[in-house]
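A.B. asks: Coordinates in coords.cif, mmCIF, C-alpha atoms and all ligand atoms, are listed below.
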data_final
#
loop_
_atom_site.label_atom_id
_atom_site.label_comp_id
_atom_site.auth_asym_id
_atom_site.auth_seq_id
_atom_site.Cartn_x
_atom_site.Cartn_y
_atom_site.Cartn_z
CA MET A 408 28.30 -102.01 -39.92
CA ASP A 409 30.49 -99.29 -38.48
CA PRO A 410 30.47 -95.49 -38.32
CA VAL A 411 32.83 -94.27 -41.04
CA GLU A 412 34.80 -92.43 -38.31
CA LYS A 413 35.96 -95.76 -36.90
CA LYS A 414 38.02 -96.65 -40.00
CA PRO A 415 39.20 -93.82 -39.50
CA PHE A 416 37.69 -91.47 -42.10
CA PHE A 417 37.05 -87.97 -40.75
CA HIS A 418 36.49 -86.09 -44.04
CA TYR A 419 34.60 -88.69 -46.05
CA HIS A 420 30.83 -88.59 -45.53
CA PRO A 421 31.05 -87.74 -41.79
CA GLY A 422 28.49 -89.58 -39.71
CA ALA A 423 27.64 -92.12 -42.44
CA ARG A 424 27.34 -95.84 -41.84
CA ILE A 425 29.72 -98.09 -43.71
CA LEU A 426 29.34 -101.81 -44.39
CA SER A 427 32.70 -103.33 -43.49
CA VAL A 428 34.13 -106.58 -44.81
CA ALA A 429 37.37 -108.54 -44.70
CA THR A 430 38.84 -111.91 -45.46
CA ALA A 431 41.58 -113.74 -43.59
CA GLY A 432 45.15 -112.87 -44.46
CA CYS A 433 47.58 -110.01 -45.02
CA ASN A 434 50.66 -109.36 -47.13
CA MET A 435 52.50 -107.95 -44.10
CA HIS A 436 53.20 -109.41 -40.65
CA CYS A 437 53.26 -106.50 -38.21
CA ARG A 438 54.30 -107.56 -34.74
CA ASN A 439 51.77 -105.11 -33.29
CA CYS A 440 48.78 -106.12 -35.42
CA GLN A 441 45.51 -105.52 -33.57
CA ASN A 442 43.58 -107.89 -35.86
CA TRP A 443 46.21 -110.63 -35.92
CA GLN A 444 43.64 -113.38 -35.23
CA ILE A 445 42.30 -112.84 -38.75
CA SER A 446 45.14 -111.02 -40.54
CA GLN A 447 47.74 -113.66 -39.70
CA ALA A 448 45.39 -116.65 -40.11
CA ASN A 449 44.61 -118.86 -43.05
CA PRO A 450 41.06 -118.84 -44.40
CA GLU A 451 40.50 -122.36 -42.98
CA GLU A 452 41.33 -121.10 -39.49
CA THR A 453 38.62 -118.43 -39.30
CA ASP A 454 34.84 -118.31 -39.24
CA ALA A 455 33.93 -117.34 -42.76
CA TYR A 456 30.80 -116.76 -44.82
CA ALA A 457 30.22 -117.10 -48.52
CA LEU A 458 29.43 -113.56 -49.66
CA PRO A 459 29.88 -113.03 -53.39
CA PRO A 460 30.25 -109.40 -54.56
CA SER A 461 26.69 -109.26 -55.90
CA ARG A 462 25.22 -110.31 -52.54
CA LEU A 463 27.34 -107.87 -50.61
CA VAL A 464 26.23 -105.00 -52.83
CA GLU A 465 22.63 -106.18 -52.56
CA LEU A 466 22.93 -106.28 -48.77
CA ALA A 467 24.25 -102.71 -48.57
CA ALA A 468 21.61 -101.40 -50.97
CA SER A 469 18.73 -103.21 -49.22
CA LYS A 470 19.70 -101.68 -45.86
CA ALA A 471 20.31 -98.23 -47.40
CA ILE A 472 23.97 -98.24 -46.33
CA PRO A 473 25.69 -95.83 -48.73
CA LEU A 474 29.29 -97.00 -48.33
CA VAL A 475 31.36 -100.19 -48.34
CA ALA A 476 34.70 -100.54 -46.52
CA TYR A 477 37.33 -103.13 -47.31
CA THR A 478 39.11 -103.18 -44.00
CA TYR A 479 40.20 -105.03 -40.80
CA THR A 480 42.90 -107.09 -42.54
CA GLU A 481 44.33 -105.97 -45.91
CA PRO A 482 42.16 -105.35 -48.97
CA ILE A 483 45.23 -105.79 -51.16
CA ALA A 484 45.50 -109.38 -49.89
CA TYR A 485 41.96 -110.01 -51.19
CA TYR A 486 42.52 -107.72 -54.14
CA GLU A 487 40.28 -109.51 -56.66
CA TYR A 488 37.33 -109.48 -54.26
CA THR A 489 37.85 -105.82 -53.41
CA PHE A 490 38.15 -104.87 -57.06
CA GLU A 491 35.15 -106.81 -58.27
CA THR A 492 32.90 -105.74 -55.39
CA ALA A 493 33.92 -102.10 -55.63
CA ALA A 494 33.23 -101.99 -59.36
CA LEU A 495 29.78 -103.49 -58.79
CA ALA A 496 29.04 -101.24 -55.79
CA ARG A 497 29.97 -98.14 -57.77
CA ARG A 498 27.53 -99.11 -60.52
CA ARG A 499 24.83 -99.23 -57.83
CA GLY A 500 25.76 -95.74 -56.65
CA LEU A 501 27.55 -96.84 -53.48
CA GLY A 502 30.88 -95.42 -52.31
CA ASN A 503 33.91 -97.64 -51.75
CA ALA A 504 36.67 -97.10 -49.21
CA ILE A 505 39.75 -99.14 -48.42
CA VAL A 506 41.65 -99.20 -45.15
CA SER A 507 45.05 -100.48 -46.13
CA ALA A 508 48.75 -100.49 -45.39
CA GLY A 509 49.30 -99.61 -49.04
CA TYR A 510 52.05 -102.17 -49.60
CA ALA A 511 51.37 -102.80 -53.28
CA ASN A 512 52.80 -102.46 -56.75
CA ASP A 513 52.02 -99.36 -58.78
CA GLY A 514 49.96 -100.95 -61.56
CA PRO A 515 47.46 -102.86 -59.42
CA ILE A 516 47.01 -100.08 -56.87
CA ARG A 517 46.28 -97.51 -59.58
CA ALA A 518 43.77 -99.91 -61.14
CA LEU A 519 42.10 -100.28 -57.75
CA PHE A 520 41.88 -96.50 -57.26
CA LYS A 521 39.81 -96.33 -60.43
CA VAL A 522 36.96 -98.15 -58.64
CA VAL A 523 37.65 -97.09 -55.03
CA ASP A 524 36.66 -93.59 -53.89
CA ALA A 525 38.59 -93.24 -50.66
CA ALA A 526 41.51 -94.70 -48.76
CA THR A 527 42.92 -94.49 -45.29
CA ILE A 528 46.49 -95.69 -45.61
CA ASP A 529 48.39 -96.63 -42.48
CA VAL A 530 52.02 -95.53 -42.67
CA LYS A 531 53.83 -97.71 -40.14
CA ALA A 532 56.87 -95.44 -39.82
CA PHE A 533 58.83 -93.17 -42.13
CA ASP A 534 61.67 -95.67 -41.99
CA ASP A 535 62.34 -98.59 -44.30
CA GLY A 536 64.25 -100.43 -41.56
CA PHE A 537 61.15 -100.37 -39.35
CA TYR A 538 59.10 -101.86 -42.18
CA ARG A 539 61.64 -104.66 -42.66
CA GLU A 540 62.07 -105.48 -38.98
CA VAL A 541 58.56 -105.03 -37.60
CA CYS A 542 56.22 -105.52 -40.56
CA ASP A 543 57.94 -107.65 -43.22
CA GLY A 544 57.23 -104.86 -45.68
CA GLY A 545 58.93 -101.82 -47.16
CA LEU A 546 58.38 -98.05 -47.10
CA ARG A 547 58.82 -97.12 -50.76
CA PRO A 548 55.76 -98.93 -52.19
CA VAL A 549 53.63 -97.36 -49.44
CA LEU A 550 54.74 -93.84 -50.32
CA ASN A 551 54.03 -94.63 -53.96
CA THR A 552 50.51 -95.74 -53.00
CA LEU A 553 49.87 -92.44 -51.22
CA VAL A 554 50.89 -90.44 -54.26
CA ALA A 555 48.93 -92.77 -56.55
CA ALA A 556 45.76 -92.29 -54.47
CA ARG A 557 46.04 -88.54 -54.93
CA GLU A 558 46.86 -88.74 -58.63
CA GLU A 559 44.01 -91.17 -59.34
CA GLY A 560 41.53 -88.90 -57.57
CA ALA A 561 40.73 -90.99 -54.48
CA TRP A 562 40.04 -89.20 -51.21
CA LEU A 563 43.03 -89.92 -48.96
CA GLU A 564 43.60 -89.92 -45.21
CA VAL A 565 46.78 -91.14 -43.52
CA SER A 566 47.18 -92.86 -40.17
CA ASN A 567 50.33 -93.53 -38.16
CA LEU A 568 50.31 -95.78 -35.11
CA VAL A 569 52.84 -94.38 -32.65
CA ILE A 570 54.54 -97.22 -30.74
CA PRO A 571 56.63 -96.27 -27.69
CA GLY A 572 60.33 -96.84 -28.20
CA MET A 573 59.88 -98.11 -31.74
CA ASN A 574 58.67 -95.33 -34.05
CA ASP A 575 58.01 -92.44 -31.65
CA ASP A 576 61.21 -90.50 -32.33
CA PRO A 577 60.00 -86.90 -32.87
CA ALA A 578 62.50 -86.47 -35.74
CA LEU A 579 61.03 -89.52 -37.50
CA ILE A 580 57.49 -88.21 -37.08
CA ARG A 581 58.55 -84.82 -38.39
CA LYS A 582 59.97 -86.52 -41.50
CA LEU A 583 56.60 -88.14 -42.19
CA ILE A 584 54.80 -84.84 -41.72
CA ARG A 585 57.15 -82.94 -44.02
CA TRP A 586 56.99 -85.62 -46.70
CA MET A 587 53.19 -85.58 -46.53
CA LYS A 588 52.97 -81.82 -46.77
CA ARG A 589 55.31 -81.75 -49.76
CA ASN A 590 53.86 -84.72 -51.66
CA LEU A 591 50.20 -84.91 -50.61
CA GLY A 592 49.44 -81.40 -49.44
CA GLU A 593 48.55 -79.77 -46.15
CA ASP A 594 44.86 -80.67 -46.60
CA THR A 595 45.47 -84.41 -46.20
CA PRO A 596 44.06 -85.54 -42.84
CA LEU A 597 46.63 -87.18 -40.59
CA HIS A 598 45.64 -89.45 -37.71
CA PHE A 599 48.18 -90.30 -35.01
CA LEU A 600 46.89 -93.45 -33.33
CA ARG A 601 47.59 -94.56 -29.81
CA PHE A 602 49.23 -97.98 -29.53
CA VAL A 603 47.81 -100.46 -27.04
CA PRO A 604 49.74 -103.70 -26.47
CA HIS A 605 48.83 -106.48 -28.93
CA TYR A 606 50.08 -109.70 -30.41
CA ARG A 607 53.90 -109.83 -30.31
CA LEU A 608 54.40 -106.40 -28.74
CA ARG A 609 52.50 -107.05 -25.52
CA ASN A 610 55.63 -106.21 -23.55
CA LEU A 611 55.34 -102.52 -24.47
CA PRO A 612 53.22 -99.93 -22.62
CA PRO A 613 50.44 -97.94 -24.34
CA THR A 614 51.63 -94.74 -26.01
CA PRO A 615 51.77 -91.86 -23.51
CA VAL A 616 49.23 -89.20 -24.50
CA SER A 617 52.01 -86.59 -24.19
CA THR A 618 53.92 -88.33 -27.02
CA LEU A 619 50.84 -88.14 -29.24
CA GLU A 620 50.24 -84.52 -28.32
CA THR A 621 53.81 -83.66 -29.31
CA ALA A 622 53.20 -85.28 -32.71
CA TRP A 623 49.88 -83.43 -33.04
CA LYS A 624 51.46 -80.05 -32.26
CA THR A 625 54.40 -80.76 -34.57
CA ALA A 626 52.06 -81.48 -37.47
CA LEU A 627 50.01 -78.33 -36.82
CA ASP A 628 53.19 -76.24 -36.50
CA GLU A 629 54.43 -77.67 -39.81
CA GLY A 630 51.22 -76.42 -41.42
CA MET A 631 49.07 -79.56 -41.69
CA LYS A 632 45.42 -78.48 -41.52
CA TYR A 633 43.64 -81.57 -40.20
CA VAL A 634 45.45 -83.53 -37.51
CA TYR A 635 43.77 -86.00 -35.15
CA LEU A 636 44.66 -88.29 -32.29
CA GLY A 637 43.00 -91.71 -32.37
CA ASN A 638 42.26 -93.99 -29.38
CA VAL A 639 42.37 -90.99 -27.02
CA PRO A 640 38.66 -90.53 -26.19
CA GLY A 641 37.60 -87.02 -25.33
CA HIS A 642 40.73 -85.36 -26.68
CA PRO A 643 40.10 -81.93 -28.27
CA SER A 644 41.78 -83.14 -31.48
CA GLU A 645 38.83 -85.41 -32.29
CA SER A 646 36.77 -82.53 -33.71
CA THR A 647 37.53 -80.75 -36.99
CA ARG A 648 38.25 -77.05 -36.94
CA CYS A 649 37.84 -74.84 -39.97
CA PRO A 650 41.36 -73.82 -41.04
CA HIS A 651 40.00 -70.40 -42.13
CA CYS A 652 37.90 -69.20 -39.16
CA GLY A 653 38.95 -71.65 -36.44
CA ARG A 654 35.39 -72.69 -35.51
CA ILE A 655 34.53 -76.36 -34.92
CA VAL A 656 32.85 -77.56 -38.13
CA ILE A 657 32.59 -81.28 -37.30
CA LYS A 658 32.07 -82.01 -33.63
CA ARG A 659 32.82 -85.59 -32.60
CA ALA A 660 32.64 -87.58 -29.39
CA GLY A 661 34.62 -90.73 -30.01
CA TYR A 662 33.22 -92.22 -33.22
CA ARG A 663 29.96 -90.27 -32.88
CA VAL A 664 29.43 -87.17 -34.99
CA GLN A 665 27.40 -84.65 -33.00
CA GLU A 666 27.39 -81.65 -35.32
CA VAL A 667 28.35 -80.99 -38.93
CA HIS A 668 28.65 -77.41 -40.12
CA VAL A 669 29.94 -78.17 -43.60
CA ASP A 670 27.63 -77.97 -46.61
CA ALA A 671 27.39 -80.47 -49.48
CA ASN A 672 29.99 -78.49 -51.42
CA GLY A 673 32.50 -78.68 -48.58
CA LYS A 674 32.07 -75.08 -47.40
CA CYS A 675 32.30 -73.99 -43.76
CA ALA A 676 28.84 -72.87 -42.56
CA PHE A 677 30.38 -70.02 -40.55
CA CYS A 678 32.80 -68.41 -42.99
CA GLY A 679 32.29 -70.16 -46.34
CA GLY A 680 35.90 -71.39 -46.43
CA LYS A 681 36.71 -74.67 -48.09
CA ILE A 682 36.91 -77.78 -45.91
CA ALA A 683 38.77 -80.59 -47.63
CA GLY A 684 36.83 -83.83 -48.02
CA VAL A 685 33.84 -85.54 -49.59
CA PHE A 686 30.56 -84.36 -48.11
CA GLN A 687 27.87 -84.61 -50.76
CA LYS A 688 26.31 -88.04 -50.03
ZN ZN A 701 35.19 -71.32 -41.30
#
Let me see whether you can do it: turn the structure in this file into structure tokens.
C.D. replies:
Amino acid sequence: MDPVEKKPFFHYHPGARILSVATAGCNMHCRNCQNWQISQANPEETDAYALPPSRLVELAASKAIPLVAYTYTEPIAYYEYTFETAALARRRGLGNAIVSAGYANDGPIRALFKVVDAATIDVKAFDDGFYREVCDGGLRPVLNTLVAAREEGAWLEVSNLVIPGMNDDPALIRKLIRWMKRNLGEDTPLHFLRFVPHYRLRNLPPTPVSTLETAWKTALDEGMKYVYLGNVPGHPSESTRCPHCGRIVIKRAGYRVQEVHVDANGKCAFCGGKIAGVFQK
């Protein structure tokens, strides 16, 4: 059980608890994976539990947890489980959220977005070469997934892990921002995440905070409304400001939500302006 902020979701039921599940395995092989012990393992190599969809949904309902996250590794790798569980959870009135790299074909991902309410999609870099060299994936299917999420009506947030010397070129980050604004809209939350050395990229240093702040300012200057820095505790970007009046409408300290000044209809309590997101649960 995690706070929903940890996924990260900052505009999807802020402050709610979310039951979080995964299986072993992934369809990509990122050299920086922070969950490589399970994402790059076979099912036989991990501690696993039998948890059929019906029992998982029962578990969430019995503990009054309103949301289920398919996360940690790659929900597309355990697609059938995600799909079946999400369909069942929705029938019980629970919300479903995936945390995914979005490396999928159009048909299956659209089918999934019919039972999943929200997605945080991690864009590794706005560069197909990076995907091929570092992740064993490709950029185009990921961009398609982002557009599909929007078109199918899922709530969407985007994350981008900034790795020093690998995908931290300001021009590359600006490309991602501009593509997002054009194709997803300025209301789509964007999380720049700080890299810490993991797995096969232990030789690199953590991302300098100044690099992240440059990305943050670039995104705000380009007109994105909700931009956050992740893994930088205490940074002013971790709270949400109303884009209309500038007041803090969701105050966070790390993953903890301290104040919410947004009503169930997504209106700012100070000025009545619209805050993008899903707030009614
Ligand atoms: Zn306001």
A.B. asks: Distance limit 6 Å, reference ligand ZN 701 (chain A), atoms considered: all atoms listed in the file. Which residues make the cut? Give them as a list in words.
C.D. replies: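 Those residues are Cys649, His651, Cys652, Arg654, Cys675, Phe677, Cys678, Gly679 and Gly680 of chain A.
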A.B. asks: Do you have, as CSV, the list of residues of stretch 507-548 of chain A lying at most 9 Å from stretch 574-589 of chain A, each with its nearest atom pair and that distance in Å to one decimal, counting all atoms listed in the file and ordered by chain then number?
C.D. replies:
residue,atom,partner,partner_atom,distance
A:Val530,CA,A:Leu583,CA,8.7
A:Lys531,CA,A:Asn574,CA,8.1
A:Ala532,CA,A:Asn574,CA,6.0
A:Phe533,CA,A:Leu583,CA,5.5
A:Asp534,CA,A:Leu579,CA,7.6
A:Phe537,CA,A:Asn574,CA,7.7
A.B. asks: Which is closest to A:Ala683 among A:Ala496, A:Ile425, A:Val464, A:Met631, if we use all atoms listed in the file?
C.D. replies: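 Of the candidates, the smallest distance to A:Ala683 is held by A:Met631.
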A.B. asks: Identify the residues around (41.2, -78.1, -38.3) within a radius of 9 Å, measuring from all atoms listed in the file in the coordinates stated by the file, and give them as a ChimeraX atom specification.
C.D. replies: /A:627,631-635,644,646-651,653-656,682
A.B. asks: For a quick check of your reading of the model, name the residues lying within 9 Å of the coordinate (23.7, -98.7, -45.3), counting all atoms listed in the file, and write them as JSON, numbers by chain.
C.D. replies: {"A": [408, 423, 424, 425, 426, 466, 467, 468, 469, 470, 471, 472, 473, 474, 475]}
A.B. asks: Please report, as JSON lines, each residue of stretch 526-588 of chain A lying at most 8 Å from stretch 597-616 of chain A, together with the nearest pair of atoms and the separation in Å rounded to one decimal; use all atoms listed in the file, and order rows by chain and ascending residue number.
C.D. replies:
{"residue": "A:Glu564", "atom": "CA", "partner": "A:Leu597", "partner_atom": "CA", "distance": 6.2}
{"residue": "A:Val565", "atom": "CA", "partner": "A:Leu597", "partner_atom": "CA", "distance": 4.9}
{"residue": "A:Ser566", "atom": "CA", "partner": "A:His598", "partner_atom": "CA", "distance": 4.5}
{"residue": "A:Asn567", "atom": "CA", "partner": "A:Phe599", "partner_atom": "CA", "distance": 5.0}
{"residue": "A:Leu568", "atom": "CA", "partner": "A:Leu600", "partner_atom": "CA", "distance": 4.5}
{"residue": "A:Val569", "atom": "CA", "partner": "A:Arg601", "partner_atom": "CA", "distance": 6.0}
{"residue": "A:Ile570", "atom": "CA", "partner": "A:Phe602", "partner_atom": "CA", "distance": 5.5}
{"residue": "A:Pro571", "atom": "CA", "partner": "A:Thr614", "partner_atom": "CA", "distance": 5.5}
A.B. asks: Enter the distance from atom CA of A:Thr618 to atom CA of A:Gly661, in Å, rounded to one decimal.
C.D. replies: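 So the two atoms, atom CA of A:Thr618 and atom CA of A:Gly661, lie 19.7 Å apart.
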A.B. asks: Just give me the gap between atom CA of A:Ser446 and atom CA of A:Gly536 in Å, one decimal is fine.
C.D. replies: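 Going from atom CA of A:Ser446 over to atom CA of A:Gly536, I get 21.9 Å.
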A.B. asks: With distances taken over only C-alpha atoms, which residue among A:Gly572, A:Gly560, A:Gly637, A:Pro421 lies nearest A:Gln687?
C.D. replies: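 Going through A:Gly572, A:Gly560, A:Gly637, A:Pro421 one by one, the smallest distance to A:Gln687 is for A:Pro421.
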A.B. asks: From the set A:Gly592, A:Lys681, A:Leu550, A:Leu501, which residue has the shortest atom-to-atom contact distance to A:His420, counting only C-alpha atoms?
C.D. replies: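 Distance minimum relative to A:His420 lands on A:Leu501.
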A.B. asks: Using Å and a single decimal, report how far atom CA of A:His418 sits from atom CA of A:Gly684.
C.D. replies: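 Between these atoms lies a distance of 4.6 Å.
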A.B. asks: Could you list, as a PyMOL selection string, every residue within 8 Å of A:Arg663, counting only C-alpha atoms and ignoring same-chain residues fewer than 5 positions away?
C.D. replies: chain A and resi 410+412+422
A.B. asks: Looking at A:Asp543, A:Asp409, A:Glu452, A:Asp535, which one is nearest to A:Tyr477, with distances taken over all atoms listed in the file?
C.D. replies: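 Of A:Asp543, A:Asp409, A:Glu452, A:Asp535, the one nearest A:Tyr477, counting all atoms listed in the file, is A:Asp409.
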A.B. asks: Given all atoms listed in the file as the basis, pick out the residue of A:Thr492, A:Thr453, A:Ser427, A:Gln447 nearest to A:Tyr479.
C.D. replies: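 Under the stated criterion, the closest residue is A:Ser427.
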A.B. asks: Where atoms are absent from stretch 532-567 of chain A, fill them in so it carries N, CA and C atoms, then output it as a PDB file, keeping the file's coordinate frame.
C.D. replies:
ATOM      1  N   ALA A 532      55.801 -96.330 -40.288  1.00  0.00           N
ATOM      2  CA  ALA A 532      56.870 -95.440 -39.820  1.00  0.00           C
ATOM      3  C   ALA A 532      57.566 -94.918 -41.057  1.00  0.00           C
ATOM      4  N   PHE A 533      58.127 -93.700 -40.960  1.00  0.00           N
ATOM      5  CA  PHE A 533      58.830 -93.170 -42.130  1.00  0.00           C
ATOM      6  C   PHE A 533      60.259 -93.705 -42.120  1.00  0.00           C
ATOM      7  N   ASP A 534      60.361 -95.023 -42.177  1.00  0.00           N
ATOM      8  CA  ASP A 534      61.670 -95.670 -41.990  1.00  0.00           C
ATOM      9  C   ASP A 534      61.599 -97.076 -42.584  1.00  0.00           C
ATOM     10  N   ASP A 535      62.372 -97.287 -43.644  1.00  0.00           N
ATOM     11  CA  ASP A 535      62.340 -98.590 -44.300  1.00  0.00           C
ATOM     12  C   ASP A 535      62.813 -99.716 -43.373  1.00  0.00           C
ATOM     13  N   GLY A 536      63.763 -99.420 -42.500  1.00  0.00           N
ATOM     14  CA  GLY A 536      64.250-100.430 -41.560  1.00  0.00           C
ATOM     15  C   GLY A 536      63.132-100.916 -40.642  1.00  0.00           C
ATOM     16  N   PHE A 537      62.289 -99.994 -40.189  1.00  0.00           N
ATOM     17  CA  PHE A 537      61.150-100.370 -39.350  1.00  0.00           C
ATOM     18  C   PHE A 537      60.232-101.325 -40.112  1.00  0.00           C
ATOM     19  N   TYR A 538      59.944-100.986 -41.366  1.00  0.00           N
ATOM     20  CA  TYR A 538      59.100-101.860 -42.180  1.00  0.00           C
ATOM     21  C   TYR A 538      59.689-103.260 -42.279  1.00  0.00           C
ATOM     22  N   ARG A 539      61.011-103.344 -42.492  1.00  0.00           N
ATOM     23  CA  ARG A 539      61.640-104.660 -42.660  1.00  0.00           C
ATOM     24  C   ARG A 539      61.622-105.444 -41.359  1.00  0.00           C
ATOM     25  N   GLU A 540      61.919-104.754 -40.257  1.00  0.00           N
ATOM     26  CA  GLU A 540      62.070-105.480 -38.980  1.00  0.00           C
ATOM     27  C   GLU A 540      60.735-105.800 -38.323  1.00  0.00           C
ATOM     28  N   VAL A 541      59.786-104.882 -38.398  1.00  0.00           N
ATOM     29  CA  VAL A 541      58.560-105.030 -37.600  1.00  0.00           C
ATOM     30  C   VAL A 541      57.395-105.531 -38.441  1.00  0.00           C
ATOM     31  N   CYS A 542      57.413-105.270 -39.742  1.00  0.00           N
ATOM     32  CA  CYS A 542      56.220-105.520 -40.560  1.00  0.00           C
ATOM     33  C   CYS A 542      56.424-106.500 -41.708  1.00  0.00           C
ATOM     34  N   ASP A 543      57.660-106.869 -42.011  1.00  0.00           N
ATOM     35  CA  ASP A 543      57.940-107.650 -43.220  1.00  0.00           C
ATOM     36  C   ASP A 543      57.409-106.932 -44.463  1.00  0.00           C
ATOM     37  N   GLY A 544      57.669-105.649 -44.525  1.00  0.00           N
ATOM     38  CA  GLY A 544      57.230-104.860 -45.680  1.00  0.00           C
ATOM     39  C   GLY A 544      58.329-103.905 -46.095  1.00  0.00           C
ATOM     40  N   GLY A 545      57.955-102.821 -46.757  1.00  0.00           N
ATOM     41  CA  GLY A 545      58.930-101.820 -47.160  1.00  0.00           C
ATOM     42  C   GLY A 545      58.237-100.477 -47.305  1.00  0.00           C
ATOM     43  N   LEU A 546      58.984 -99.391 -47.101  1.00  0.00           N
ATOM     44  CA  LEU A 546      58.380 -98.050 -47.100  1.00  0.00           C
ATOM     45  C   LEU A 546      58.061 -97.540 -48.502  1.00  0.00           C
ATOM     46  N   ARG A 547      58.955 -97.791 -49.469  1.00  0.00           N
ATOM     47  CA  ARG A 547      58.820 -97.120 -50.760  1.00  0.00           C
ATOM     48  C   ARG A 547      57.493 -97.414 -51.476  1.00  0.00           C
ATOM     49  N   PRO A 548      57.056 -98.677 -51.524  1.00  0.00           N
ATOM     50  CA  PRO A 548      55.760 -98.930 -52.190  1.00  0.00           C
ATOM     51  C   PRO A 548      54.602 -98.201 -51.507  1.00  0.00           C
ATOM     52  N   VAL A 549      54.710 -98.031 -50.186  1.00  0.00           N
ATOM     53  CA  VAL A 549      53.630 -97.360 -49.440  1.00  0.00           C
ATOM     54  C   VAL A 549      53.561 -95.881 -49.829  1.00  0.00           C
ATOM     55  N   LEU A 550      54.717 -95.251 -49.916  1.00  0.00           N
ATOM     56  CA  LEU A 550      54.740 -93.840 -50.320  1.00  0.00           C
ATOM     57  C   LEU A 550      54.201 -93.689 -51.740  1.00  0.00           C
ATOM     58  N   ASN A 551      54.548 -94.648 -52.591  1.00  0.00           N
ATOM     59  CA  ASN A 551      54.030 -94.630 -53.960  1.00  0.00           C
ATOM     60  C   ASN A 551      52.500 -94.728 -53.980  1.00  0.00           C
ATOM     61  N   THR A 552      51.963 -95.588 -53.083  1.00  0.00           N
ATOM     62  CA  THR A 552      50.510 -95.740 -53.000  1.00  0.00           C
ATOM     63  C   THR A 552      49.829 -94.437 -52.602  1.00  0.00           C
ATOM     64  N   LEU A 553      50.456 -93.714 -51.665  1.00  0.00           N
ATOM     65  CA  LEU A 553      49.870 -92.440 -51.220  1.00  0.00           C
ATOM     66  C   LEU A 553      49.792 -91.451 -52.382  1.00  0.00           C
ATOM     67  N   VAL A 554      50.872 -91.354 -53.125  1.00  0.00           N
ATOM     68  CA  VAL A 554      50.890 -90.440 -54.260  1.00  0.00           C
ATOM     69  C   VAL A 554      49.896 -90.905 -55.336  1.00  0.00           C
ATOM     70  N   ALA A 555      49.848 -92.220 -55.546  1.00  0.00           N
ATOM     71  CA  ALA A 555      48.930 -92.770 -56.550  1.00  0.00           C
ATOM     72  C   ALA A 555      47.476 -92.474 -56.190  1.00  0.00           C
ATOM     73  N   ALA A 556      47.137 -92.573 -54.906  1.00  0.00           N
ATOM     74  CA  ALA A 556      45.760 -92.290 -54.470  1.00  0.00           C
ATOM     75  C   ALA A 556      45.377 -90.881 -54.875  1.00  0.00           C
ATOM     76  N   ARG A 557      46.280 -89.942 -54.586  1.00  0.00           N
ATOM     77  CA  ARG A 557      46.040 -88.540 -54.930  1.00  0.00           C
ATOM     78  C   ARG A 557      45.906 -88.356 -56.452  1.00  0.00           C
ATOM     79  N   GLU A 558      46.844 -88.940 -57.174  1.00  0.00           N
ATOM     80  CA  GLU A 558      46.860 -88.740 -58.630  1.00  0.00           C
ATOM     81  C   GLU A 558      45.647 -89.375 -59.305  1.00  0.00           C
ATOM     82  N   GLU A 559      45.157 -90.486 -58.728  1.00  0.00           N
ATOM     83  CA  GLU A 559      44.010 -91.170 -59.340  1.00  0.00           C
ATOM     84  C   GLU A 559      42.683 -90.588 -58.855  1.00  0.00           C
ATOM     85  N   GLY A 560      42.750 -89.608 -57.967  1.00  0.00           N
ATOM     86  CA  GLY A 560      41.530 -88.900 -57.570  1.00  0.00           C
ATOM     87  C   GLY A 560      40.768 -89.505 -56.411  1.00  0.00           C
ATOM     88  N   ALA A 561      41.399 -90.431 -55.665  1.00  0.00           N
ATOM     89  CA  ALA A 561      40.730 -90.990 -54.480  1.00  0.00           C
ATOM     90  C   ALA A 561      40.901 -90.028 -53.304  1.00  0.00           C
ATOM     91  N   TRP A 562      39.885 -89.962 -52.440  1.00  0.00           N
ATOM     92  CA  TRP A 562      40.040 -89.200 -51.210  1.00  0.00           C
ATOM     93  C   TRP A 562      41.001 -89.962 -50.291  1.00  0.00           C
ATOM     94  N   LEU A 563      41.972 -89.246 -49.718  1.00  0.00           N
ATOM     95  CA  LEU A 563      43.030 -89.920 -48.960  1.00  0.00           C
ATOM     96  C   LEU A 563      43.154 -89.363 -47.541  1.00  0.00           C
ATOM     97  N   GLU A 564      43.202 -90.272 -46.567  1.00  0.00           N
ATOM     98  CA  GLU A 564      43.600 -89.920 -45.210  1.00  0.00           C
ATOM     99  C   GLU A 564      44.744 -90.844 -44.805  1.00  0.00           C
ATOM    100  N   VAL A 565      45.599 -90.364 -43.908  1.00  0.00           N
ATOM    101  CA  VAL A 565      46.780 -91.140 -43.520  1.00  0.00           C
ATOM    102  C   VAL A 565      46.732 -91.359 -42.008  1.00  0.00           C
ATOM    103  N   SER A 566      47.052 -92.589 -41.598  1.00  0.00           N
ATOM    104  CA  SER A 566      47.180 -92.860 -40.170  1.00  0.00           C
ATOM    105  C   SER A 566      48.603 -93.318 -39.866  1.00  0.00           C
ATOM    106  N   ASN A 567      48.991 -93.132 -38.612  1.00  0.00           N
ATOM    107  CA  ASN A 567      50.330 -93.530 -38.160  1.00  0.00           C
ATOM    108  C   ASN A 567      50.207 -93.951 -36.698  1.00  0.00           C
TER     109      ASN A 567
END
